[in-house]
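**Student:** File protein.cif follows (mmCIF, C-alpha atoms and all ligand atoms):
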data_entry
#
loop_
_atom_site.label_atom_id
_atom_site.label_comp_id
_atom_site.auth_asym_id
_atom_site.auth_seq_id
_atom_site.Cartn_x
_atom_site.Cartn_y
_atom_site.Cartn_z
CA MET P 9 87.92 161.50 146.56
CA ILE P 10 90.28 158.97 148.12
CA GLU P 11 87.52 156.99 149.85
CA THR P 12 85.45 156.90 146.63
CA LEU P 13 88.43 155.69 144.61
CA ILE P 14 89.28 152.94 147.07
CA SER P 15 85.72 151.76 147.64
CA ARG P 16 85.08 151.46 143.88
CA TRP P 17 88.38 149.77 143.07
CA ASP P 18 88.45 146.07 142.16
CA GLY P 19 91.96 145.63 143.61
CA GLU P 20 92.88 143.89 146.86
CA SER P 21 94.27 146.66 149.07
CA VAL P 22 95.92 150.04 149.26
CA ILE P 23 98.61 150.81 151.82
CA THR P 24 98.63 154.53 152.59
CA LYS P 25 101.15 156.69 154.40
CA TYR P 26 101.43 160.44 154.70
CA ASP P 27 104.91 161.69 155.48
CA ARG P 28 104.33 164.92 157.39
CA ASP P 29 107.95 166.10 157.28
CA PHE P 30 108.16 165.96 153.50
CA ARG P 31 104.44 166.49 152.81
CA ALA P 32 104.44 163.38 150.64
CA TRP P 33 101.61 160.88 150.13
CA ILE P 34 102.69 157.30 149.60
CA PHE P 35 100.24 154.80 148.11
CA ILE P 36 101.08 151.15 147.54
CA ALA P 37 98.26 149.66 145.50
CA ILE P 38 98.05 145.87 145.53
CA HIS P 39 95.73 144.93 142.68
CA SER P 40 96.02 141.15 142.63
CA THR P 41 98.06 138.43 144.30
CA VAL P 42 96.31 135.60 142.44
CA LEU P 43 99.41 134.66 140.43
CA GLY P 44 102.01 135.52 143.09
CA PRO P 45 103.24 138.33 145.34
CA ALA P 46 102.45 141.77 143.92
CA ALA P 47 105.29 143.47 142.07
CA GLY P 48 105.54 146.83 140.36
CA GLY P 49 107.68 149.91 140.10
CA THR P 50 107.71 152.97 142.34
CA ARG P 51 106.68 156.21 140.65
CA MET P 52 107.74 159.46 142.30
CA LYS P 53 106.55 162.82 141.06
CA ILE P 54 104.60 165.92 141.96
CA TYR P 55 100.80 165.52 141.83
CA GLY P 56 98.17 168.23 142.07
CA ALA P 57 96.23 166.26 144.71
CA PRO P 58 96.69 163.00 146.64
CA GLY P 59 93.70 161.50 144.80
CA GLU P 60 95.54 161.86 141.50
CA ALA P 61 98.52 159.97 142.93
CA LEU P 62 96.23 157.23 144.25
CA LEU P 63 94.40 156.91 140.92
CA ASP P 64 97.74 156.58 139.13
CA ALA P 65 98.86 153.86 141.57
CA MET P 66 95.59 151.94 141.14
CA ARG P 67 95.55 152.08 137.33
CA LEU P 68 99.23 151.16 137.11
CA ALA P 69 98.78 148.27 139.57
CA GLU P 70 95.97 146.84 137.45
CA GLY P 71 98.28 147.12 134.45
CA MET P 72 100.88 145.06 136.33
CA THR P 73 98.30 142.32 137.00
CA LEU P 74 97.46 142.17 133.29
CA LYS P 75 101.15 142.32 132.37
CA TYR P 76 102.18 139.35 134.46
CA ALA P 77 99.05 137.38 133.55
CA VAL P 78 99.43 137.68 129.75
CA ALA P 79 103.10 136.78 130.10
CA ASP P 80 102.17 133.79 132.27
CA PHE P 81 104.63 134.93 134.95
CA PRO P 82 104.13 134.04 138.65
CA ARG P 83 103.74 137.56 140.06
CA GLY P 84 100.76 139.68 140.97
CA GLY P 85 100.02 143.30 140.17
CA GLY P 86 101.02 146.20 142.38
CA LYS P 87 102.44 149.67 142.06
CA ALA P 88 103.63 152.37 144.41
CA VAL P 89 103.34 156.10 143.98
CA ILE P 90 105.18 158.63 146.07
CA GLY P 91 103.16 161.78 145.51
CA LEU P 92 105.26 164.86 146.17
CA THR P 93 103.83 168.31 146.73
CA SER P 94 107.06 170.07 145.74
CA GLU P 95 110.49 169.23 144.29
CA LEU P 96 112.65 167.21 146.71
CA ASP P 97 116.39 166.71 146.40
CA GLY P 98 119.62 166.04 148.29
CA ASP P 99 119.42 164.59 151.80
CA ASP P 100 115.65 165.14 152.02
CA ARG P 101 115.05 162.96 148.98
CA ILE P 102 117.35 160.25 150.37
CA GLU P 103 115.58 160.35 153.75
CA LEU P 104 112.14 160.02 152.14
CA LEU P 105 113.33 157.07 150.03
CA LYS P 106 114.72 155.37 153.15
CA ARG P 107 111.43 155.87 154.98
CA TYR P 108 109.64 154.42 151.96
CA GLY P 109 112.00 151.39 152.11
CA THR P 110 111.00 150.84 155.74
CA LEU P 111 107.33 150.85 154.69
CA VAL P 112 107.96 148.30 151.89
CA ARG P 113 109.92 146.07 154.27
CA SER P 114 107.10 146.18 156.82
CA LEU P 115 104.91 144.43 154.24
CA ARG P 116 107.25 141.41 154.43
CA GLY P 117 107.21 140.51 150.76
CA ALA P 118 103.59 141.32 149.95
CA PHE P 119 104.97 143.99 147.59
CA LEU P 120 108.16 143.84 145.52
CA THR P 121 109.31 146.96 143.77
CA GLY P 122 111.73 148.57 141.33
CA PRO P 123 112.06 151.83 139.41
CA ASP P 124 109.38 153.67 137.46
CA VAL P 125 108.98 157.25 136.25
CA GLY P 126 110.89 159.53 138.63
CA THR P 127 113.01 156.82 140.25
CA THR P 128 116.22 155.11 139.10
CA SER P 129 118.37 152.10 139.91
CA GLU P 130 120.47 154.43 142.09
CA ASP P 131 117.29 155.25 144.04
CA MET P 132 116.65 151.51 144.42
CA ASP P 133 120.11 151.20 146.02
CA ILE P 134 119.00 153.77 148.61
CA ILE P 135 115.56 152.20 149.19
CA HIS P 136 117.25 148.81 149.50
CA ARG P 137 119.16 149.98 152.61
CA THR P 138 115.91 149.86 154.57
CA GLY P 139 113.69 147.84 152.21
CA SER P 140 115.87 144.77 151.54
CA PRO P 141 115.21 142.12 150.22
CA TYR P 142 112.12 143.42 148.42
CA ILE P 143 113.79 145.98 146.16
CA PHE P 144 114.75 145.12 142.57
CA SER P 145 116.63 146.64 139.63
CA ARG P 146 119.44 147.98 141.81
CA THR P 147 122.67 149.05 140.12
CA ALA P 148 125.12 146.35 139.02
CA GLU P 149 127.70 147.85 141.45
CA SER P 150 125.31 147.05 144.31
CA GLY P 151 124.68 143.54 143.04
CA GLY P 152 121.46 144.31 141.16
CA ALA P 153 120.36 143.63 137.59
CA GLY P 154 120.75 147.30 136.62
CA SER P 155 118.21 149.40 134.78
CA SER P 156 114.95 147.64 133.92
CA GLY P 157 114.74 149.97 130.89
CA TYR P 158 117.27 147.84 129.02
CA TYR P 159 115.11 144.70 129.26
CA THR P 160 111.91 146.61 128.63
CA ALA P 161 113.39 147.96 125.40
CA ILE P 162 114.28 144.42 124.30
CA GLY P 163 110.70 143.33 124.96
CA VAL P 164 109.32 146.29 123.01
CA TYR P 165 111.66 145.37 120.15
CA HIS P 166 110.08 141.89 120.13
CA GLY P 167 106.64 143.51 120.18
CA LEU P 168 107.64 145.50 117.08
CA ARG P 169 108.73 142.27 115.40
CA ALA P 170 105.34 140.69 116.14
CA VAL P 171 103.67 143.74 114.57
CA CYS P 172 105.85 143.52 111.44
CA ARG P 173 105.14 139.81 111.14
CA SER P 174 101.41 140.49 111.30
CA LEU P 175 101.49 143.47 108.89
CA TYR P 176 104.08 142.32 106.38
CA GLY P 177 104.52 138.58 106.96
CA ASP P 178 108.15 139.24 107.96
CA PRO P 179 109.24 140.14 111.52
CA SER P 180 112.31 142.12 110.44
CA LEU P 181 112.26 145.87 111.07
CA LYS P 182 114.45 146.47 108.01
CA ASP P 183 113.36 149.59 106.09
CA ARG P 184 110.34 150.11 108.36
CA THR P 185 109.86 153.60 109.75
CA ILE P 186 109.50 153.64 113.53
CA LEU P 187 108.54 156.82 115.37
CA ILE P 188 109.53 156.72 119.04
CA GLN P 189 107.86 159.19 121.41
CA GLY P 190 110.21 159.64 124.38
CA ALA P 191 113.84 158.60 123.93
CA GLY P 192 114.58 158.01 127.62
CA SER P 193 115.61 154.86 129.44
CA VAL P 194 113.46 152.56 127.25
CA GLY P 195 112.94 154.63 124.09
CA GLY P 196 116.62 155.56 123.82
CA ARG P 197 117.67 151.92 123.91
CA LEU P 198 114.93 151.01 121.47
CA VAL P 199 116.46 153.44 118.96
CA ASP P 200 119.65 151.33 118.92
CA LEU P 201 117.81 148.02 118.63
CA ALA P 202 115.67 149.27 115.74
CA LEU P 203 118.66 150.77 113.92
CA LYS P 204 120.58 147.53 114.29
CA ASP P 205 117.73 145.76 112.52
CA GLY P 206 117.85 148.25 109.62
CA ALA P 207 114.83 150.39 110.56
CA ARG P 208 114.54 154.11 109.86
CA VAL P 209 113.92 155.80 113.20
CA SER P 210 112.39 159.12 114.20
CA ILE P 211 112.39 160.31 117.78
CA SER P 212 110.43 162.98 119.55
CA ASP P 213 111.17 164.18 123.07
CA VAL P 214 110.21 167.21 125.14
CA ASP P 215 113.71 167.27 126.63
CA ALA P 216 116.03 169.32 124.43
CA ALA P 217 119.19 167.59 125.72
CA THR P 218 117.74 164.19 124.79
CA VAL P 219 116.86 165.40 121.30
CA ASP P 220 120.41 166.79 120.94
CA ARG P 221 121.86 163.42 121.86
CA PHE P 222 120.11 161.79 118.93
CA SER P 223 120.13 164.50 116.29
CA GLY P 224 122.74 163.96 113.62
CA ARG P 225 122.86 160.21 114.19
CA GLN P 226 122.74 158.24 110.98
CA GLY P 227 119.30 156.75 110.39
CA VAL P 228 117.63 158.96 113.03
CA SER P 229 115.49 162.03 112.43
CA THR P 230 113.86 164.20 115.08
CA ILE P 231 110.25 165.35 115.21
CA ALA P 232 108.83 168.26 117.20
CA SER P 233 106.80 166.91 120.11
CA ASP P 234 103.59 168.67 119.04
CA ALA P 235 103.83 167.08 115.54
CA VAL P 236 104.27 163.52 116.71
CA TYR P 237 100.68 162.41 116.03
CA ASP P 238 100.65 163.84 112.49
CA VAL P 239 103.77 162.25 111.05
CA GLU P 240 103.54 159.35 108.64
CA CYS P 241 105.32 156.20 109.82
CA ASP P 242 104.89 152.44 109.81
CA ILE P 243 104.87 152.00 113.60
CA PHE P 244 104.31 154.60 116.29
CA SER P 245 106.00 153.65 119.57
CA PRO P 246 104.82 155.60 122.63
CA CYS P 247 107.64 155.41 125.17
CA ALA P 248 106.95 158.50 127.28
CA MET P 249 103.66 158.76 129.14
CA GLY P 250 100.16 157.32 129.39
CA SER P 251 96.80 158.32 127.81
CA VAL P 252 98.43 159.41 124.53
CA LEU P 253 95.92 157.39 122.50
CA ASN P 254 92.59 159.17 122.81
CA GLU P 255 89.74 160.73 120.85
CA ARG P 256 91.88 163.79 120.07
CA THR P 257 95.03 162.02 118.87
CA ILE P 258 93.68 158.87 117.16
CA PRO P 259 92.03 160.71 114.23
CA ARG P 260 95.38 162.40 113.53
CA LEU P 261 97.57 159.28 113.50
CA ARG P 262 99.20 158.32 110.19
CA CYS P 263 100.74 155.01 111.23
CA ARG P 264 99.82 151.42 110.45
CA ALA P 265 100.49 150.10 113.95
CA ILE P 266 101.33 151.04 117.54
CA ALA P 267 103.69 149.24 119.93
CA GLY P 268 105.51 150.97 122.76
CA ALA P 269 106.60 150.93 126.38
CA ALA P 270 104.42 153.57 128.00
CA ASN P 271 101.96 152.23 130.57
CA ASN P 272 98.24 152.87 130.04
CA GLN P 273 98.55 154.30 126.53
CA LEU P 274 94.78 154.14 125.92
CA GLU P 275 92.87 156.90 127.66
CA SER P 276 89.84 154.56 127.76
CA GLU P 277 88.85 151.15 126.41
CA THR P 278 86.81 152.94 123.71
CA ASP P 279 90.10 154.12 122.23
CA ALA P 280 90.96 150.51 121.36
CA LYS P 281 87.78 150.47 119.23
CA ARG P 282 88.71 153.80 117.66
CA LEU P 283 92.07 152.35 116.62
CA LYS P 284 90.45 149.21 115.24
CA MET P 285 88.00 151.31 113.23
CA ARG P 286 90.89 153.28 111.76
CA GLY P 287 92.64 150.01 110.80
CA ILE P 288 95.58 150.69 113.11
CA LEU P 289 97.01 147.54 114.67
CA TYR P 290 97.54 148.12 118.40
CA ALA P 291 99.91 145.92 120.38
CA PRO P 292 98.56 146.25 123.96
CA ASP P 293 101.04 148.09 126.17
CA PHE P 294 100.85 145.61 129.03
CA ALA P 295 101.81 142.74 126.70
CA VAL P 296 104.66 144.68 125.11
CA ASN P 297 106.34 146.37 128.10
CA ILE P 298 106.76 143.40 130.47
CA GLY P 299 110.50 142.96 129.74
CA GLY P 300 111.92 144.92 132.66
CA ALA P 301 109.40 143.68 135.21
CA MET P 302 110.09 140.10 134.17
CA ALA P 303 113.87 140.26 133.85
CA VAL P 304 114.71 142.09 137.07
CA THR P 305 112.44 139.90 139.21
CA GLY P 306 113.81 136.82 137.42
CA ILE P 307 117.48 137.75 137.74
CA GLU P 308 117.41 139.17 141.27
CA GLY P 309 114.54 137.18 142.76
CA MET P 310 114.75 133.81 141.02
CA GLY P 311 118.46 133.50 140.26
CA TRP P 312 118.10 133.59 136.47
CA PRO P 313 121.29 134.03 134.46
CA GLU P 314 121.24 136.85 131.89
CA GLU P 315 120.62 134.42 128.96
CA ARG P 316 117.49 133.06 130.64
CA ALA P 317 116.19 136.61 131.14
CA LEU P 318 116.74 137.44 127.46
CA GLN P 319 114.97 134.24 126.37
CA GLU P 320 111.99 134.99 128.61
CA VAL P 321 111.77 138.61 127.44
CA ALA P 322 111.83 137.44 123.80
CA ARG P 323 108.54 135.61 124.52
CA VAL P 324 106.83 138.99 124.09
CA GLU P 325 106.93 138.25 120.37
CA GLU P 326 104.82 135.10 120.62
CA THR P 327 102.48 136.59 123.23
CA VAL P 328 101.70 139.60 121.03
CA THR P 329 101.28 137.32 117.99
CA ARG P 330 98.85 135.18 120.02
CA ILE P 331 96.88 138.29 121.02
CA PHE P 332 96.58 139.35 117.37
CA GLU P 333 95.34 135.85 116.49
CA ILE P 334 92.69 135.91 119.25
CA SER P 335 91.60 139.39 118.16
CA THR P 336 91.11 138.23 114.57
CA ALA P 337 89.41 134.96 115.53
CA GLU P 338 86.99 136.60 117.97
CA GLY P 339 86.47 139.83 116.03
CA ILE P 340 87.41 141.90 119.09
CA THR P 341 90.00 144.61 119.68
CA THR P 342 93.55 143.55 120.47
CA ASP P 343 93.14 145.19 123.89
CA ALA P 344 90.05 143.06 124.60
CA ALA P 345 91.88 139.97 123.31
CA ALA P 346 94.82 140.61 125.65
CA ARG P 347 92.48 141.16 128.61
CA MET P 348 90.67 137.94 127.72
CA LEU P 349 93.97 136.03 127.74
CA ALA P 350 94.91 137.60 131.09
CA ARG P 351 91.51 136.80 132.61
CA GLU P 352 91.78 133.21 131.43
CA ARG P 353 95.16 132.81 133.16
CA LEU P 354 93.90 134.49 136.34
CA GLY P 355 90.78 132.32 136.26
CA LYS P 356 92.80 129.11 136.00
CA ALA P 357 94.94 130.13 138.96
P1 LIG P 401 112.22 157.95 131.14
O1 LIG P 401 111.78 159.01 132.08
O2 LIG P 401 113.61 157.45 131.19
O3 LIG P 401 111.98 158.45 129.64
C1 LIG P 401 110.83 159.10 129.22
C2 LIG P 401 111.24 160.09 128.13
O4 LIG P 401 110.05 160.67 127.61
C3 LIG P 401 112.11 161.24 128.63
O5 LIG P 401 113.21 161.41 127.77
C4 LIG P 401 111.16 162.44 128.60
O6 LIG P 401 111.83 163.66 128.33
C5 LIG P 401 110.25 162.06 127.46
N1 LIG P 401 108.94 162.71 127.47
C6 LIG P 401 108.15 163.04 128.52
N2 LIG P 401 107.02 163.63 128.09
C7 LIG P 401 107.08 163.62 126.75
C8 LIG P 401 106.22 164.08 125.71
N3 LIG P 401 105.07 164.69 125.99
N4 LIG P 401 106.62 163.95 124.42
C9 LIG P 401 107.80 163.38 124.12
N5 LIG P 401 108.67 162.93 125.06
C10 LIG P 401 108.31 163.07 126.33
O7 LIG P 401 111.17 156.76 131.31
P2 LIG P 401 111.32 155.25 130.83
O8 LIG P 401 111.83 154.43 131.94
O9 LIG P 401 111.99 155.22 129.51
O10 LIG P 401 109.78 154.85 130.67
C11 LIG P 401 109.02 155.35 129.59
C12 LIG P 401 107.59 154.85 129.72
O11 LIG P 401 107.59 153.42 129.71
C13 LIG P 401 106.88 155.24 131.02
O12 LIG P 401 105.51 155.44 130.73
C14 LIG P 401 107.04 154.03 131.91
O13 LIG P 401 106.00 153.91 132.85
C15 LIG P 401 106.97 152.92 130.89
N6 LIG P 401 107.62 151.70 131.30
C16 LIG P 401 108.93 151.73 131.64
C17 LIG P 401 109.55 150.55 132.04
C18 LIG P 401 111.00 150.52 132.41
O14 LIG P 401 111.53 149.41 132.60
N7 LIG P 401 111.69 151.64 132.48
C19 LIG P 401 108.82 149.36 132.09
C20 LIG P 401 107.48 149.37 131.70
C21 LIG P 401 106.89 150.55 131.32
C1 LIG P 402 106.50 148.18 134.99
O1 LIG P 402 106.71 147.32 134.13
O2 LIG P 402 105.62 149.05 134.84
C2 LIG P 402 107.25 148.15 136.24
O3 LIG P 402 106.79 148.67 137.21
C3 LIG P 402 108.60 147.53 136.21
C4 LIG P 402 109.01 146.78 137.43
C5 LIG P 402 108.19 145.87 138.07
C6 LIG P 402 108.64 145.18 139.16
C7 LIG P 402 109.90 145.36 139.61
C8 LIG P 402 110.72 146.23 138.93
C9 LIG P 402 110.26 146.96 137.85
#
Just give me the structure as structure tokens.
**Tutor:**
Amino acid sequence: MIETLISRWDGESVITKYDRDFRAWIFIAIHSTVLGPAAGGTRMKIYGAPGEALLDAMRLAEGMTLKYAVADFPRGGGKAVIGLTSELDGDDRIELLKRYGTLVRSLRGAFLTGPDVGTTSEDMDIIHRTGSPYIFSRTAESGGAGSSGYYTAIGVYHGLRAVCRSLYGDPSLKDRTILIQGAGSVGGRLVDLALKDGARVSISDVDAATVDRFSGRQGVSTIASDAVYDVECDIFSPCAMGSVLNERTIPRLRCRAIAGAANNQLESETDAKRLKMRGILYAPDFAVNIGGAMAVTGIEGMGWPEERALQEVARVEETVTRIFEISTAEGITTDAAARMLARERLGKA
């Protein structure tokens, strides 16, 4: 499976390492360096087979290429996956992260990384010990920009504003109902941003402790995770995992639009057409969730002050608006419009 995946991939290269001691497969997928050195988070979780981990790395790396290209940001697309075969904690986990840092450092800047699902800013502090200076989104105590989730949530908030502008002619979220799937690092912060703007928020999370944290808060209701696709709302915001928009869920949706943080929300490109046919406005994930990737590389790698990072992240609003305009003008899905914009930028470079 691995050789088929790699030989059919349109990306540039895949760095592969098997750590025998911890029975972990590490894949660093470099999709494109056309716009700059490849950057992308490091995902660490248990996979059923190494091929699944590789496929995840490749799809996520392509997403990073599109992300940076639509945002017109000078970085290329890459992603790393540490595929575990069993739960790892304590000193073993630290040792594996340090070994991974050594691998990243050996690439001498061809790959820059930060957190993703299964890794945190604290993990970046550990990886940084051996992977410096190519590790981003470390904790503030270690001199980093902190969690990328904060900036990603701000970008998603601007994506929601672009959606409201397109649907209602007014970008404010006031009195809109927003349903957030996954109230973690990004989704949890998005709850606060939406509430501050006067939205009515519902959250859904598989983690009972997370649901408890939000239940009882004024303006927030909670939805069972198996009911999330059936609940009426203005905007559905997937902030948990990928492939949630597919032929099984799209017919059930009762929202007017979708804008969220999760990477690879569409199971396939056909799902963008399914959404269009249902009249649901889709803000492409890779245009909406750039905030963290942009801010942490800007702050830690380019010396941006915080204000500059916030200004740059706010550009999500105009990018998403532009994508909607292209989609209308060309009569194509918003996903196709965003890919077209990305291709144009990559072509020019
Ligand atoms: P996180 O792990 O902090 O939060 C995810 C939340 O989703 C958790 O609370 C988890 O319990 C919940 N969840 C998992 N499965 C669920 C399900 N089936 N239904 C409902 N809830 C479920 O992750 P995060 O950093 O907030 O990232 C969320 C998504 O956004 C991921 O897909 C990630 O790849 C993407 N993303 C994150 C960033 C970032 O800066 N953190 C940037 C870009 C994209
Ligand atoms: C993502 O946006 O999916 C990321 O991987 C975020 C990221 C990218 C580059 C450095 C740090 C975090």
**Student:** Within 6 Å of ligand LIG 401 (chain P), counting all atoms listed in the file: which residues, as a short mmCIF file (atom, residue, chain, number, x, y, z; two decimals) with C-alpha atoms, in the frame of the given file?
**Tutor:**
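As written to disk, out_13.cif reads:
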data_model
loop_
_atom_site.label_atom_id
_atom_site.label_comp_id
_atom_site.auth_asym_id
_atom_site.auth_seq_id
_atom_site.Cartn_x
_atom_site.Cartn_y
_atom_site.Cartn_z
CA ASP P 124 109.38 153.67 137.46
CA VAL P 125 108.98 157.25 136.25
CA SER P 156 114.95 147.64 133.92
CA GLY P 157 114.74 149.97 130.89
CA THR P 160 111.91 146.61 128.63
CA GLN P 189 107.86 159.19 121.41
CA GLY P 190 110.21 159.64 124.38
CA ALA P 191 113.84 158.60 123.93
CA GLY P 192 114.58 158.01 127.62
CA SER P 193 115.61 154.86 129.44
CA VAL P 194 113.46 152.56 127.25
CA GLY P 195 112.94 154.63 124.09
CA SER P 212 110.43 162.98 119.55
CA ASP P 213 111.17 164.18 123.07
CA VAL P 214 110.21 167.21 125.14
CA ASP P 215 113.71 167.27 126.63
CA SER P 233 106.80 166.91 120.11
CA CYS P 247 107.64 155.41 125.17
CA ALA P 248 106.95 158.50 127.28
CA MET P 249 103.66 158.76 129.14
CA GLY P 250 100.16 157.32 129.39
CA ALA P 269 106.60 150.93 126.38
CA ALA P 270 104.42 153.57 128.00
CA ASN P 271 101.96 152.23 130.57
CA ASN P 297 106.34 146.37 128.10
CA GLY P 300 111.92 144.92 132.66
#
**Student:** Looking at P:Gly306, P:Gly151, P:Gly339, P:Gly227, which one is nearest to ligand LIG 402 (chain P), with distances taken over only C-alpha atoms and all ligand atoms?
**Tutor:** P:Gly306
**Student:** Ranking P:Met9, P:Ile143, P:Asn272, P:Phe30 by minimum distance to Asp64 of chain P and counting all atoms listed in the file, which one comes first?
**Tutor:**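 Smallest distance to Asp64 of chain P is found for P:Asn272.
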**Student:** Give as a PDB file with C-alpha atoms, keeping the file's coordinate frame the residues surrounding ligand LIG 402 (chain P) up to a distance of 9 Å, considering all atoms listed in the file.
**Tutor:**
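Here's the written file pocket.pdb:
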ATOM      1  CA  ALA P  46     102.450 141.770 143.920  1.00  0.00           C
ATOM      2  CA  ALA P  47     105.290 143.470 142.070  1.00  0.00           C
ATOM      3  CA  GLY P  48     105.540 146.830 140.360  1.00  0.00           C
ATOM      4  CA  GLY P  49     107.680 149.910 140.100  1.00  0.00           C
ATOM      5  CA  THR P  50     107.710 152.970 142.340  1.00  0.00           C
ATOM      6  CA  ARG P  51     106.680 156.210 140.650  1.00  0.00           C
ATOM      7  CA  LEU P  68      99.230 151.160 137.110  1.00  0.00           C
ATOM      8  CA  ALA P  69      98.780 148.270 139.570  1.00  0.00           C
ATOM      9  CA  GLY P  71      98.280 147.120 134.450  1.00  0.00           C
ATOM     10  CA  MET P  72     100.880 145.060 136.330  1.00  0.00           C
ATOM     11  CA  LYS P  75     101.150 142.320 132.370  1.00  0.00           C
ATOM     12  CA  GLY P  85     100.020 143.300 140.170  1.00  0.00           C
ATOM     13  CA  GLY P  86     101.020 146.200 142.380  1.00  0.00           C
ATOM     14  CA  LYS P  87     102.440 149.670 142.060  1.00  0.00           C
ATOM     15  CA  ALA P  88     103.630 152.370 144.410  1.00  0.00           C
ATOM     16  CA  LEU P 120     108.160 143.840 145.520  1.00  0.00           C
ATOM     17  CA  THR P 121     109.310 146.960 143.770  1.00  0.00           C
ATOM     18  CA  GLY P 122     111.730 148.570 141.330  1.00  0.00           C
ATOM     19  CA  PRO P 123     112.060 151.830 139.410  1.00  0.00           C
ATOM     20  CA  ASP P 124     109.380 153.670 137.460  1.00  0.00           C
ATOM     21  CA  VAL P 125     108.980 157.250 136.250  1.00  0.00           C
ATOM     22  CA  ILE P 143     113.790 145.980 146.160  1.00  0.00           C
ATOM     23  CA  PHE P 144     114.750 145.120 142.570  1.00  0.00           C
ATOM     24  CA  SER P 145     116.630 146.640 139.630  1.00  0.00           C
ATOM     25  CA  SER P 155     118.210 149.400 134.780  1.00  0.00           C
ATOM     26  CA  SER P 156     114.950 147.640 133.920  1.00  0.00           C
ATOM     27  CA  GLY P 157     114.740 149.970 130.890  1.00  0.00           C
ATOM     28  CA  THR P 160     111.910 146.610 128.630  1.00  0.00           C
ATOM     29  CA  ALA P 269     106.600 150.930 126.380  1.00  0.00           C
ATOM     30  CA  ALA P 270     104.420 153.570 128.000  1.00  0.00           C
ATOM     31  CA  ASN P 271     101.960 152.230 130.570  1.00  0.00           C
ATOM     32  CA  PHE P 294     100.850 145.610 129.030  1.00  0.00           C
ATOM     33  CA  ASN P 297     106.340 146.370 128.100  1.00  0.00           C
ATOM     34  CA  ILE P 298     106.760 143.400 130.470  1.00  0.00           C
ATOM     35  CA  GLY P 299     110.500 142.960 129.740  1.00  0.00           C
ATOM     36  CA  GLY P 300     111.920 144.920 132.660  1.00  0.00           C
ATOM     37  CA  ALA P 301     109.400 143.680 135.210  1.00  0.00           C
ATOM     38  CA  MET P 302     110.090 140.100 134.170  1.00  0.00           C
ATOM     39  CA  ALA P 303     113.870 140.260 133.850  1.00  0.00           C
ATOM     40  CA  VAL P 304     114.710 142.090 137.070  1.00  0.00           C
ATOM     41  CA  THR P 305     112.440 139.900 139.210  1.00  0.00           C
TER      42      THR P 305
END
**Student:** Take atom CA of Ala118 of chain P and atom CA of Arg347 of chain P and report the distance between them in Å, one decimal.
**Tutor:**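 Separation between atom CA of Ala118 of chain P and atom CA of Arg347 of chain P: 24.1 Å.
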**Student:** Using only C-alpha atoms, which protein or nucleic acid residues come within 7 Å of Arg184 of chain P? Drop anything in the same chain fewer than 6 positions from it, and give the result as number ranges by chain.
**Tutor:** P: 207-208, 242
**Student:** Point out the residue among P:Ile54, P:Ile243, P:Leu62, P:Ile23 with the least atom-to-atom distance to Thr93 of chain P, counting only C-alpha atoms.
**Tutor:** P:Ile54
**Student:** List the spatial neighbours of Ile135 of chain P as a list in words - criterion: any atom at most 6 Å away, only C-alpha atoms, same-chain residues fewer than 6 positions off excluded.
**Tutor:** Leu105, Lys106 and Gly109 of chain P
**Student:** Given all atoms listed in the file as the basis, pick out the residue of P:Arg16, P:Arg351, P:Lys284, P:Lys356 nearest to Ser335 of chain P.
**Tutor:**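 Smallest distance to Ser335 of chain P is found for P:Lys284.
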